[in-house]
Each structure stands twice: as structure tokens, then as C-alpha cells.
Amino acid sequence: MCSPSSIPYPELSGAHFTSLNASLVSNLTVQIPKAVYMNHGAVAAEGVSYCHVTTTYAHTGQNETVTVDVYLPTSGWNGRMQGIGGGGWTAGGLNAPGTSASMLGAVVGGYSAVTTNAGHPELDPYQWVLKSPGVVNMHLMEDFTSSSLNELSIIGKAVTKSYYGTPPLYSYWNGCSQGGRQGLKLASSYPDAFDGIAASAPALDLIGEGIGNLWPQVYMNALGQHSRNCELLAITEAAIEFCDANDGVADGIIAFPDSCNFDPYSVVNRPISCNDTGIPEVVHISEAAAKIANATWTGPRLLHDSIPWWGAKKGARLVEDHLGFMVNPGLSTTICSSNGTCVGKPSDVSEQFMRLIIKKDPKFDVSTVTIEDYKRFFEHSVQQYGSLVDVEPNLNAFREAGGKLISYHGLADGIVPPDSTRHFFESVAANDKRVHDYYRVFEAPGLTHCAISPGGYYPEGIFEALVQWVESGVVPDTLAAVTDPLNGTARSSVLCPYPQKAHYSGFGTSYSAEDFYCDD
């Protein structure tokens, strides 16, 4: 029965519950585009009904309200629970559009679904990161980065058991970006919370995302020149054209970006159409644009030994992409006025991190950050916040608990560098030769961050592969992946467990999954 009287408060050490409500939601029509329900394809269903349980609690001695929402299918429950992650500065919660859509997608699939707002319902970090002027709310930051995740698992399992009379037989985590980081944090710090974890394009290092990704903007300011967005788009297009066929397949995608030897200086002075100032005109690609492209690809890692961060891969979009329903940020984006003068436009996350976490001043002018400031801020952040935001690359306890972990990362991800996931995986593997028995990473050529923008090979069956691995022991040696239609035709391939790559056999002409094999 979907009633508060039939669902008691869960038991949660160190916290007290303040409310629990339940309401029946009936006969919904659900339509979710590909990848919006994280790690899945498109979902369409009618007549969807579920019991919506909302409970709130606070930790002992804290003035906060943490909200956990649980969706429970009224029929067709598959005996499983799915935890849904967040994105950006949100741990989850129904105010986050991607989280809300994924909750519905999970219900359509027969899962009980659970998410938490970690004590801050606001999507805007300016409303919660600072406890008072100049003071970071470290308790809410800890909720956001860590403690709320295990609590979500405990509450979700308890509510599921109360409603169905039996606990979930299997529990899964589903996340991308911040949700991917949350998944890896769960595996590292709370190894018994979930049996299987899908943690794609994980924003593993909040300091790297906050300060590391500011590098192209700092570089442009130091250079005293700002490229136009059209220049960097043209340079990226030229790089794709130059390196596209290196894998034997001309599909508009750089499959092996690490071996792409495109030189952006080779297109300096090339005329291109541009509308960045609001006036259509022909401009020539500048030497400054070539320098900025190189700096964005290289990243700050070579600037200083103490800055362990990476650049974007060649083929990734370097400037923002307006998608209608949202803007996909680009790290080298600029804004140009009608007189041709351009200024930098940092990504929201980098600007917010610098203002709220580093300077603790919501009005700080990020454009004043020098290269020396940048080095100092990065080192200071690691010292002050590293223990709070780091994910330890030790998954031994998760392995011993029998857990399975799977990730994809798009090689054209311009927001979270694929090398950050590689680095984490290699750090785990360095201390555990059995890593492939429970943790696999699949790199996806041409895919953008969490498949937000069109293009690239998307593994829409990755979550189902995780379920088969956990419950039936079917090891995911490959993942099927499909592109968006190009001239009406979608291409298919396979993704391979890192460090292997998909190679074209050279025999087929349809470029289907059967035409590819995995090898180093």
C-alpha cells in the first residue's frame, strides 16, 4: 500500500528523520531520449504507475534537510533497486532534470529507484556552497561528495523492503559525470552499498574539473589574445579530417586521437566563415587560435609537475554547443562583440569553483587569474580539499564484496578529459592485477560528455551488460555501440575494454560491429 503508515522510518545512524510522505502516481506516459536516462538508450512507455516516497532527515547537530526520493513500481517490480546519480554541483534529487528522467526510466525497467539531494535542493551552487561570507559549508560539501551516497543506499533498500515485503535481491548504481564520480566513490569508500556500478565519464577530480579546466582561459588571458569560436571549430574540423581515416574507416570520427599528428599551425591563415560578432564575415584562422588549440589539447599538466591534469583529445569540441534544451560548455569559449573584440567565457563549473571554493567570494573576477595564481590555487586546493573530494584508487574491498564496475568515456569529451579515467583505472590496476575481473573501462570514439551532443559511438546497452555481469557472470568483453545517423545511416562498432581498442578488419564495407575486433 502506498501510504506513509505502511512505510516506517528507516534506521540511519547519526541522523534523525523529520518527515516521510507517500503518494501514488498513475498512468504516466514516459518518453526519454537516448542517454538522458543515463547509460541507456531511448525509453518510451505508457501507463506507468509508481508509489513515490519522499523522506527527509538531518544529521545530529546539523541544521539541514536532506531529501531522499524513492520510486516504487506498483506492478512488475524486477526485484532490483537502482540508485540514480547527479550532475554538476548536484548529488541528484528530482530538481535535476537528468536525475528525474533517469528515475522514471528505472521505473519503466521495473526497478525501484532512489536519489538524494544531499541536503541542497538548489541547482545553483551560489545558494549553498558558502555557509556565510568567506566560509565554505564543509558539512554540506561532505554530504555532496561522500556521506549522502551510502545513506541513499541504506534508505532506498529499507523503503523498498517496507513496500514489497522483501529487500532488493540486487542493487545498482547508475551515473554519468558527477554521477560517475559518485559511483567510483561508492566502490572505493562504501564497497557494500551496491552490487553493480555504472560510472560513466566520471568527473573524478573536482579540483581538476574546477581549476584544471580553467587552463585555456588562463592561457588566453596570459597570451593577451582570445580566439574566436569559429576558429577553434574550424581547427577541430580540420583535425578530424586529417586523422579520421587513421583507423581505416572514414566516419567523421577520430578513433585513435593519441596518434593524431595534426598540426593546427598548418591551417593558419585559412579563410573561414564566421558569425561570432553577430555579423557574417570571412576571417582567417590566426596563429593565436593555433596556440590556444594546442594549449587546450595539452592541458596544464606540462606546465608544472604538481598539476596532474590533462587536456582534451583532438576531435573534442573546444567551444560551447547550444543544444536548445541546454548549453554544452567548451573550455576555450569566448564572447565577441560587434567591434571584433573577444573575451573569455569560462565554464560555469570552473568559474563557480574558483569563486566559491578558492576565493570564497561570489563576485571574484576570474579573468584576473594569472598563470602564477593558477599554479598556487591548484596546489592550495589539493592541500585543503583533497581529502574531501578525492576518490582513492583502491577497490580491493569492492572486489572482495563481489561488486562489478563498468564505465564508458567518450574520447571527444571536452569537459572531463578521458585521461582522468585512464589514470584512475591504471592506478587501480597497478596494485591489482585482477582488475579486469571486476572493473572495466570502455573508451568511445567520437562520443561527447555523457553523449550530450550528437556524434560518436554510444554503448546504450552498457547498463544491461553490467546486470548480466553481476547476476549471470557474463563478462563484457565488448560493448556494442552505435552512432547517430549520418546522412540517414547509423554506423555500428564495438567498444573494447581499456587498454584495448577496436580495429577495423578491412573486409566489411557496411562498417557494422562484425567488422571490428579488439586488440592493443
# chains A, B, ... in the order shown; residues from 1 in each chain; ligands from 1
call {"tool": "select_by_dssp", "arguments": {"residues": "range 8-243 of chain A", "states": "alpha helix (DSSP H)", "output": "compact mmCIF listing (two decimals) with N, CA, C and O atoms, in the first residue's frame"}}
result
# COMPACT_ATOMS: atom_id res chain seq x y z
N PRO A 97 17.13 17.73 -13.88
CA PRO A 97 16.36 17.12 -14.97
C PRO A 97 16.85 15.73 -15.37
O PRO A 97 16.04 14.82 -15.57
N GLY A 98 18.16 15.54 -15.49
CA GLY A 98 18.67 14.23 -15.88
C GLY A 98 18.36 13.17 -14.84
O GLY A 98 18.04 12.02 -15.17
N THR A 99 18.46 13.54 -13.56
CA THR A 99 18.17 12.61 -12.49
C THR A 99 16.69 12.24 -12.50
O THR A 99 16.31 11.07 -12.37
N SER A 100 15.84 13.24 -12.65
CA SER A 100 14.40 13.00 -12.66
C SER A 100 14.01 12.06 -13.81
O SER A 100 13.22 11.13 -13.62
N ALA A 101 14.57 12.29 -14.99
CA ALA A 101 14.28 11.43 -16.14
C ALA A 101 14.78 10.01 -15.90
O ALA A 101 14.11 9.03 -16.25
N SER A 102 15.96 9.88 -15.30
CA SER A 102 16.52 8.56 -15.04
C SER A 102 15.71 7.79 -14.00
O SER A 102 15.60 6.56 -14.07
N MET A 103 15.15 8.50 -13.04
CA MET A 103 14.27 7.84 -12.06
C MET A 103 13.08 7.20 -12.78
O MET A 103 12.71 6.04 -12.52
N LEU A 104 12.47 7.93 -13.71
CA LEU A 104 11.35 7.38 -14.47
C LEU A 104 11.80 6.23 -15.36
O LEU A 104 11.10 5.22 -15.48
N GLY A 105 12.97 6.39 -15.99
CA GLY A 105 13.48 5.30 -16.82
C GLY A 105 13.69 4.02 -16.03
O GLY A 105 13.38 2.93 -16.51
N ALA A 106 14.17 4.15 -14.81
CA ALA A 106 14.39 2.98 -13.97
C ALA A 106 13.06 2.30 -13.64
O ALA A 106 12.95 1.06 -13.65
N VAL A 107 12.04 3.09 -13.34
CA VAL A 107 10.72 2.53 -13.04
C VAL A 107 10.16 1.78 -14.25
O VAL A 107 9.61 0.67 -14.12
N VAL A 108 10.31 2.36 -15.43
CA VAL A 108 9.85 1.68 -16.65
C VAL A 108 10.54 0.32 -16.79
O VAL A 108 9.94 -0.67 -17.22
N MET A 138 31.48 23.13 4.84
CA MET A 138 32.20 21.86 4.70
C MET A 138 31.29 20.67 4.98
O MET A 138 31.49 19.58 4.43
N HIS A 139 30.29 20.84 5.84
CA HIS A 139 29.39 19.72 6.10
C HIS A 139 28.57 19.37 4.86
O HIS A 139 28.46 18.19 4.48
N LEU A 140 27.99 20.40 4.22
CA LEU A 140 27.23 20.12 3.00
C LEU A 140 28.14 19.62 1.89
O LEU A 140 27.72 18.78 1.07
N MET A 141 29.37 20.08 1.84
CA MET A 141 30.32 19.56 0.86
C MET A 141 30.59 18.08 1.10
O MET A 141 30.69 17.29 0.16
N GLU A 142 30.71 17.70 2.37
CA GLU A 142 30.91 16.28 2.68
C GLU A 142 29.68 15.46 2.31
O GLU A 142 29.79 14.35 1.78
N SER A 148 26.25 11.22 1.73
CA SER A 148 24.87 11.02 1.29
C SER A 148 24.72 9.79 0.41
O SER A 148 23.62 9.23 0.30
N LEU A 149 25.81 9.35 -0.19
CA LEU A 149 25.74 8.23 -1.13
C LEU A 149 25.43 6.92 -0.41
O LEU A 149 24.56 6.15 -0.83
N ASN A 150 26.15 6.67 0.67
CA ASN A 150 25.88 5.45 1.43
C ASN A 150 24.51 5.53 2.09
O ASN A 150 23.78 4.52 2.17
N GLU A 151 24.14 6.71 2.56
CA GLU A 151 22.84 6.87 3.20
C GLU A 151 21.70 6.63 2.21
O GLU A 151 20.66 6.04 2.57
N LEU A 152 21.88 7.07 0.99
CA LEU A 152 20.90 6.79 -0.06
C LEU A 152 20.68 5.29 -0.21
O LEU A 152 19.54 4.81 -0.33
N SER A 153 21.76 4.54 -0.21
CA SER A 153 21.67 3.08 -0.35
C SER A 153 20.89 2.46 0.80
O SER A 153 20.00 1.62 0.60
N ILE A 154 21.20 2.89 2.01
CA ILE A 154 20.52 2.34 3.20
C ILE A 154 19.03 2.66 3.17
O ILE A 154 18.18 1.78 3.38
N ILE A 155 18.70 3.91 2.87
CA ILE A 155 17.30 4.33 2.86
C ILE A 155 16.53 3.66 1.72
O ILE A 155 15.40 3.17 1.91
N GLY A 156 17.14 3.63 0.54
CA GLY A 156 16.46 3.02 -0.60
C GLY A 156 16.14 1.55 -0.37
O GLY A 156 15.04 1.08 -0.69
N LYS A 157 17.08 0.82 0.20
CA LYS A 157 16.84 -0.61 0.47
C LYS A 157 15.76 -0.79 1.53
O LYS A 157 14.92 -1.70 1.43
N ALA A 158 15.79 0.05 2.56
CA ALA A 158 14.80 -0.07 3.64
C ALA A 158 13.39 0.23 3.14
O ALA A 158 12.44 -0.50 3.46
N VAL A 159 13.23 1.31 2.35
CA VAL A 159 11.91 1.66 1.84
C VAL A 159 11.42 0.61 0.85
O VAL A 159 10.23 0.23 0.86
N THR A 160 12.31 0.11 0.03
CA THR A 160 11.94 -0.95 -0.91
C THR A 160 11.44 -2.19 -0.17
O THR A 160 10.41 -2.78 -0.53
N LYS A 161 12.13 -2.56 0.90
CA LYS A 161 11.71 -3.72 1.69
C LYS A 161 10.36 -3.48 2.35
O LYS A 161 9.49 -4.37 2.37
N SER A 162 10.15 -2.29 2.89
CA SER A 162 8.88 -1.99 3.54
C SER A 162 7.72 -2.07 2.55
O SER A 162 6.63 -2.55 2.89
N TYR A 163 7.93 -1.63 1.33
CA TYR A 163 6.85 -1.58 0.35
C TYR A 163 6.54 -2.97 -0.22
O TYR A 163 5.36 -3.34 -0.35
N TYR A 164 7.58 -3.72 -0.56
CA TYR A 164 7.36 -5.01 -1.22
C TYR A 164 7.39 -6.19 -0.26
O TYR A 164 7.04 -7.31 -0.64
N GLN A 178 29.15 13.77 -12.72
CA GLN A 178 29.16 13.75 -11.26
C GLN A 178 28.63 12.40 -10.76
O GLN A 178 29.15 11.85 -9.79
N GLY A 179 27.61 11.88 -11.43
CA GLY A 179 27.10 10.56 -11.05
C GLY A 179 28.13 9.46 -11.26
O GLY A 179 28.13 8.46 -10.53
N GLY A 180 29.01 9.63 -12.25
CA GLY A 180 30.10 8.67 -12.44
C GLY A 180 31.10 8.75 -11.30
O GLY A 180 31.57 7.73 -10.80
N ARG A 181 31.44 10.00 -10.90
CA ARG A 181 32.34 10.15 -9.75
C ARG A 181 31.72 9.53 -8.50
O ARG A 181 32.39 8.86 -7.72
N GLN A 182 30.42 9.75 -8.31
CA GLN A 182 29.74 9.18 -7.15
C GLN A 182 29.85 7.65 -7.16
O GLN A 182 30.05 7.02 -6.11
N GLY A 183 29.70 7.06 -8.34
CA GLY A 183 29.81 5.61 -8.44
C GLY A 183 31.16 5.10 -8.02
O GLY A 183 31.27 4.09 -7.29
N LEU A 184 32.22 5.76 -8.47
CA LEU A 184 33.57 5.34 -8.09
C LEU A 184 33.83 5.60 -6.61
O LEU A 184 34.53 4.83 -5.95
N LYS A 185 33.26 6.68 -6.07
CA LYS A 185 33.38 6.94 -4.64
C LYS A 185 32.69 5.85 -3.84
O LYS A 185 33.20 5.39 -2.80
N LEU A 186 31.55 5.40 -4.29
CA LEU A 186 30.84 4.30 -3.63
C LEU A 186 31.69 3.04 -3.63
O LEU A 186 31.82 2.36 -2.61
N ALA A 187 32.27 2.71 -4.79
CA ALA A 187 33.09 1.50 -4.88
C ALA A 187 34.30 1.58 -3.96
O ALA A 187 34.70 0.59 -3.34
N SER A 188 34.89 2.77 -3.84
CA SER A 188 36.10 2.96 -3.05
C SER A 188 35.81 3.03 -1.55
O SER A 188 36.52 2.41 -0.74
N SER A 189 34.76 3.78 -1.17
CA SER A 189 34.53 4.07 0.25
C SER A 189 33.38 3.28 0.87
O SER A 189 33.35 3.09 2.09
N LEU A 206 37.30 16.73 -8.57
CA LEU A 206 36.58 18.00 -8.53
C LEU A 206 37.54 19.19 -8.63
O LEU A 206 37.17 20.24 -9.15
N ILE A 207 38.74 19.01 -8.13
CA ILE A 207 39.73 20.09 -8.23
C ILE A 207 40.17 20.25 -9.69
O ILE A 207 40.29 21.36 -10.20
N GLY A 208 40.38 19.14 -10.36
CA GLY A 208 40.72 19.20 -11.78
C GLY A 208 39.62 19.81 -12.61
O GLY A 208 39.86 20.65 -13.48
N GLU A 209 38.38 19.42 -12.32
CA GLU A 209 37.25 19.98 -13.04
C GLU A 209 37.11 21.47 -12.75
O GLU A 209 36.76 22.26 -13.63
N GLY A 210 37.38 21.85 -11.51
CA GLY A 210 37.19 23.24 -11.13
C GLY A 210 38.31 24.14 -11.58
O GLY A 210 38.08 25.20 -12.18
N TRP A 215 42.30 26.19 -17.37
CA TRP A 215 43.58 26.44 -18.02
C TRP A 215 43.46 27.18 -19.35
O TRP A 215 44.18 28.19 -19.57
N PRO A 216 42.61 26.77 -20.31
CA PRO A 216 42.58 27.52 -21.58
C PRO A 216 42.24 28.99 -21.40
O PRO A 216 42.76 29.85 -22.13
N GLN A 217 41.37 29.30 -20.44
CA GLN A 217 41.01 30.70 -20.20
C GLN A 217 42.19 31.48 -19.61
O GLN A 217 42.47 32.62 -20.01
N VAL A 218 42.89 30.85 -18.67
CA VAL A 218 44.07 31.49 -18.08
C VAL A 218 45.14 31.71 -19.15
O VAL A 218 45.80 32.76 -19.20
N TYR A 219 45.30 30.70 -20.01
CA TYR A 219 46.30 30.80 -21.08
C TYR A 219 45.97 31.96 -22.02
O TYR A 219 46.85 32.75 -22.40
N MET A 220 44.69 32.07 -22.43
CA MET A 220 44.32 33.17 -23.33
C MET A 220 44.56 34.53 -22.68
O MET A 220 45.05 35.46 -23.34
N ASN A 221 44.24 34.64 -21.42
CA ASN A 221 44.46 35.92 -20.73
C ASN A 221 45.94 36.25 -20.67
O ASN A 221 46.35 37.41 -20.85
N ALA A 222 46.78 35.24 -20.39
CA ALA A 222 48.23 35.47 -20.34
C ALA A 222 48.78 35.82 -21.73
O ALA A 222 49.70 36.63 -21.87
N LEU A 223 48.19 35.17 -22.76
CA LEU A 223 48.62 35.43 -24.14
C LEU A 223 48.23 36.83 -24.58
O LEU A 223 48.88 37.43 -25.45
N ASN A 229 35.36 31.65 -31.56
CA ASN A 229 34.87 30.27 -31.50
C ASN A 229 34.92 29.60 -32.87
O ASN A 229 35.22 28.41 -32.98
N CYS A 230 34.61 30.37 -33.91
CA CYS A 230 34.61 29.79 -35.26
C CYS A 230 36.00 29.29 -35.65
O CYS A 230 36.12 28.30 -36.39
N GLU A 231 37.05 29.93 -35.15
CA GLU A 231 38.40 29.48 -35.46
C GLU A 231 38.68 28.11 -34.84
O GLU A 231 39.24 27.21 -35.50
N LEU A 232 38.29 27.93 -33.59
CA LEU A 232 38.56 26.66 -32.93
C LEU A 232 37.67 25.54 -33.48
O LEU A 232 38.09 24.38 -33.55
N LEU A 233 36.45 25.90 -33.90
CA LEU A 233 35.61 24.90 -34.57
C LEU A 233 36.25 24.46 -35.88
O LEU A 233 36.27 23.27 -36.21
N ALA A 234 36.79 25.41 -36.63
CA ALA A 234 37.43 25.08 -37.91
C ALA A 234 38.69 24.24 -37.69
O ALA A 234 38.97 23.31 -38.46
N ILE A 235 39.46 24.56 -36.65
CA ILE A 235 40.66 23.78 -36.35
C ILE A 235 40.28 22.35 -35.96
O ILE A 235 40.92 21.38 -36.40
N THR A 236 39.21 22.20 -35.16
CA THR A 236 38.77 20.86 -34.79
C THR A 236 38.30 20.08 -36.01
O THR A 236 38.62 18.89 -36.17
N GLU A 237 37.54 20.73 -36.88
CA GLU A 237 37.09 20.07 -38.11
C GLU A 237 38.28 19.64 -38.97
O GLU A 237 38.28 18.54 -39.55
N ALA A 238 39.30 20.48 -39.04
CA ALA A 238 40.49 20.14 -39.82
C ALA A 238 41.23 18.96 -39.20
O ALA A 238 41.75 18.09 -39.91
N ALA A 239 41.28 18.91 -37.87
CA ALA A 239 41.93 17.78 -37.19
C ALA A 239 41.18 16.49 -37.48
O ALA A 239 41.80 15.44 -37.73
N ILE A 240 39.85 16.54 -37.44
CA ILE A 240 39.06 15.33 -37.72
C ILE A 240 39.28 14.88 -39.16
O ILE A 240 39.48 13.68 -39.42
N GLU A 241 39.28 15.81 -40.09
CA GLU A 241 39.51 15.46 -41.49
C GLU A 241 40.89 14.83 -41.68
O GLU A 241 41.06 13.86 -42.41
N PHE A 242 41.88 15.36 -40.99
CA PHE A 242 43.26 14.88 -41.13
C PHE A 242 43.43 13.48 -40.56
O PHE A 242 44.16 12.66 -41.11
N CYS A 243 42.78 13.18 -39.43
CA CYS A 243 43.03 11.93 -38.71
C CYS A 243 41.88 10.93 -38.78
O CYS A 243 41.99 9.82 -38.24
call {"tool": "residues_around", "arguments": {"residues": "range 431-444 of chain A", "least_positions_apart": "3", "cutoff": "8 Å", "atoms": "only C-alpha atoms", "output": "list in words"}}
result
Asn394, Asn396, Arg399, Gly402, Gly403, Lys404, Leu405, Ile406, Ser407, Tyr408, His409, Gly410, Leu411, Pro418, Phe425, Ser427, Val428, Leu447, Gly456, Tyr457, Tyr458, Leu479, Leu495, Cys496, Pro497, Tyr498 and Lys501 of chain A
call {"tool": "residues_around", "arguments": {"residues": "Ala35 in chain A", "least_positions_apart": "3", "cutoff": "10 Å", "atoms": "only C-alpha atoms", "output": "NGL selection string"}}
result
:A and (32 or 38-43 or 98 or 102 or 176 or 450-452 or 458-460)
call {"tool": "residues_around", "arguments": {"residues": "Ser332 in chain A", "least_positions_apart": "2", "cutoff": "12 Å", "atoms": "only C-alpha atoms", "output": "PyMOL selection string"}}
result
chain A and resi 213-221+225-233+289-297+299+311-312+316-321+329-330+334-335+342-347+350+414-415
call {"tool": "atom_distance", "arguments": {"atom1": "CA of Phe144 in chain A", "atom2": "CA of Thr60 in chain A"}}
result
16.8 Å
call {"tool": "atom_distance", "arguments": {"atom1": "CA of Tyr172 in chain A", "atom2": "CA of Ile197 in chain A"}}
result
5.6 Å
call {"tool": "closest_residue", "arguments": {"among": "A:Asn137, A:Ser147, A:Asn27, A:Asn78", "to": "Gly14 in chain A", "atoms": "only C-alpha atoms"}}
result
A:Ser147
call {"tool": "closest_residue", "arguments": {"among": "A:Thr145, A:Val25, A:Trp89, A:Gln31", "to": "Ser387 in chain A", "atoms": "only C-alpha atoms"}}
result
A:Thr145
call {"tool": "residues_around", "arguments": {"residues": "Leu356 in chain A", "least_positions_apart": "5", "cutoff": "10 Å", "atoms": "only C-alpha atoms", "output": "list of chain:residue names"}}
result
A:Pro125, A:Tyr126, A:Trp128, A:Val129, A:Leu130, A:Pro133, A:Gly134, A:Val135, A:Val136, A:Ser350, A:Glu351, A:Asp361, A:Pro362, A:Lys363, A:Phe364
call {"tool": "write_last_selection", "arguments": {"atoms": "N, CA, C and O atoms", "output": "mmCIF file, in the first residue's frame"}}
result
data_model
loop_
_atom_site.group_PDB
_atom_site.id
_atom_site.type_symbol
_atom_site.label_atom_id
_atom_site.label_comp_id
_atom_site.auth_asym_id
_atom_site.auth_seq_id
_atom_site.Cartn_x
_atom_site.Cartn_y
_atom_site.Cartn_z
ATOM 1 N N PRO A 125 25.041 26.471 -7.180
ATOM 2 C CA PRO A 125 25.945 26.351 -6.033
ATOM 3 C C PRO A 125 26.096 27.631 -5.232
ATOM 4 O O PRO A 125 26.483 27.589 -4.066
ATOM 5 N N TYR A 126 25.788 28.797 -5.844
ATOM 6 C CA TYR A 126 25.877 30.054 -5.103
ATOM 7 C C TYR A 126 24.907 30.084 -3.922
ATOM 8 O O TYR A 126 25.082 30.874 -2.996
ATOM 9 N N TRP A 128 24.339 27.485 -1.848
ATOM 10 C CA TRP A 128 24.601 26.576 -0.730
ATOM 11 C C TRP A 128 26.070 26.339 -0.392
ATOM 12 O O TRP A 128 26.394 25.915 0.717
ATOM 13 N N VAL A 129 26.995 26.573 -1.298
ATOM 14 C CA VAL A 129 28.400 26.220 -1.038
ATOM 15 C C VAL A 129 28.980 27.042 0.108
ATOM 16 O O VAL A 129 29.718 26.527 0.956
ATOM 17 N N LEU A 130 28.645 28.333 0.175
ATOM 18 C CA LEU A 130 29.155 29.182 1.251
ATOM 19 C C LEU A 130 28.168 29.198 2.415
ATOM 20 O O LEU A 130 26.992 29.522 2.254
ATOM 21 N N PRO A 133 29.600 34.510 4.473
ATOM 22 C CA PRO A 133 30.632 35.163 3.656
ATOM 23 C C PRO A 133 32.043 34.701 4.034
ATOM 24 O O PRO A 133 32.462 34.797 5.181
ATOM 25 N N GLY A 134 32.758 34.154 3.036
ATOM 26 C CA GLY A 134 34.131 33.718 3.247
ATOM 27 C C GLY A 134 34.283 32.360 3.901
ATOM 28 O O GLY A 134 35.408 31.945 4.192
ATOM 29 N N VAL A 135 33.175 31.622 4.123
ATOM 30 C CA VAL A 135 33.248 30.331 4.823
ATOM 31 C C VAL A 135 32.538 29.261 3.997
ATOM 32 O O VAL A 135 31.331 29.351 3.756
ATOM 33 N N VAL A 136 33.294 28.238 3.564
ATOM 34 C CA VAL A 136 32.713 27.123 2.820
ATOM 35 C C VAL A 136 31.928 26.230 3.775
ATOM 36 O O VAL A 136 32.374 25.950 4.893
ATOM 37 N N SER A 350 34.010 25.791 -13.588
ATOM 38 C CA SER A 350 35.313 26.378 -13.254
ATOM 39 C C SER A 350 35.156 27.737 -12.588
ATOM 40 O O SER A 350 35.824 28.040 -11.594
ATOM 41 N N GLU A 351 34.278 28.566 -13.129
ATOM 42 C CA GLU A 351 34.070 29.892 -12.548
ATOM 43 C C GLU A 351 33.510 29.785 -11.137
ATOM 44 O O GLU A 351 33.945 30.485 -10.206
ATOM 45 N N ASP A 361 34.414 34.077 -2.620
ATOM 46 C CA ASP A 361 33.861 35.386 -2.953
ATOM 47 C C ASP A 361 33.041 35.239 -4.237
ATOM 48 O O ASP A 361 33.607 35.102 -5.328
ATOM 49 N N PRO A 362 31.698 35.270 -4.139
ATOM 50 C CA PRO A 362 30.859 35.042 -5.321
ATOM 51 C C PRO A 362 31.053 36.067 -6.432
ATOM 52 O O PRO A 362 30.634 35.822 -7.571
ATOM 53 N N LYS A 363 31.692 37.195 -6.141
ATOM 54 C CA LYS A 363 31.860 38.246 -7.144
ATOM 55 C C LYS A 363 33.286 38.319 -7.693
ATOM 56 O O LYS A 363 33.613 39.234 -8.461
ATOM 57 N N PHE A 364 34.128 37.383 -7.317
ATOM 58 C CA PHE A 364 35.525 37.422 -7.763
ATOM 59 C C PHE A 364 35.602 37.389 -9.285
ATOM 60 O O PHE A 364 34.908 36.608 -9.952
#
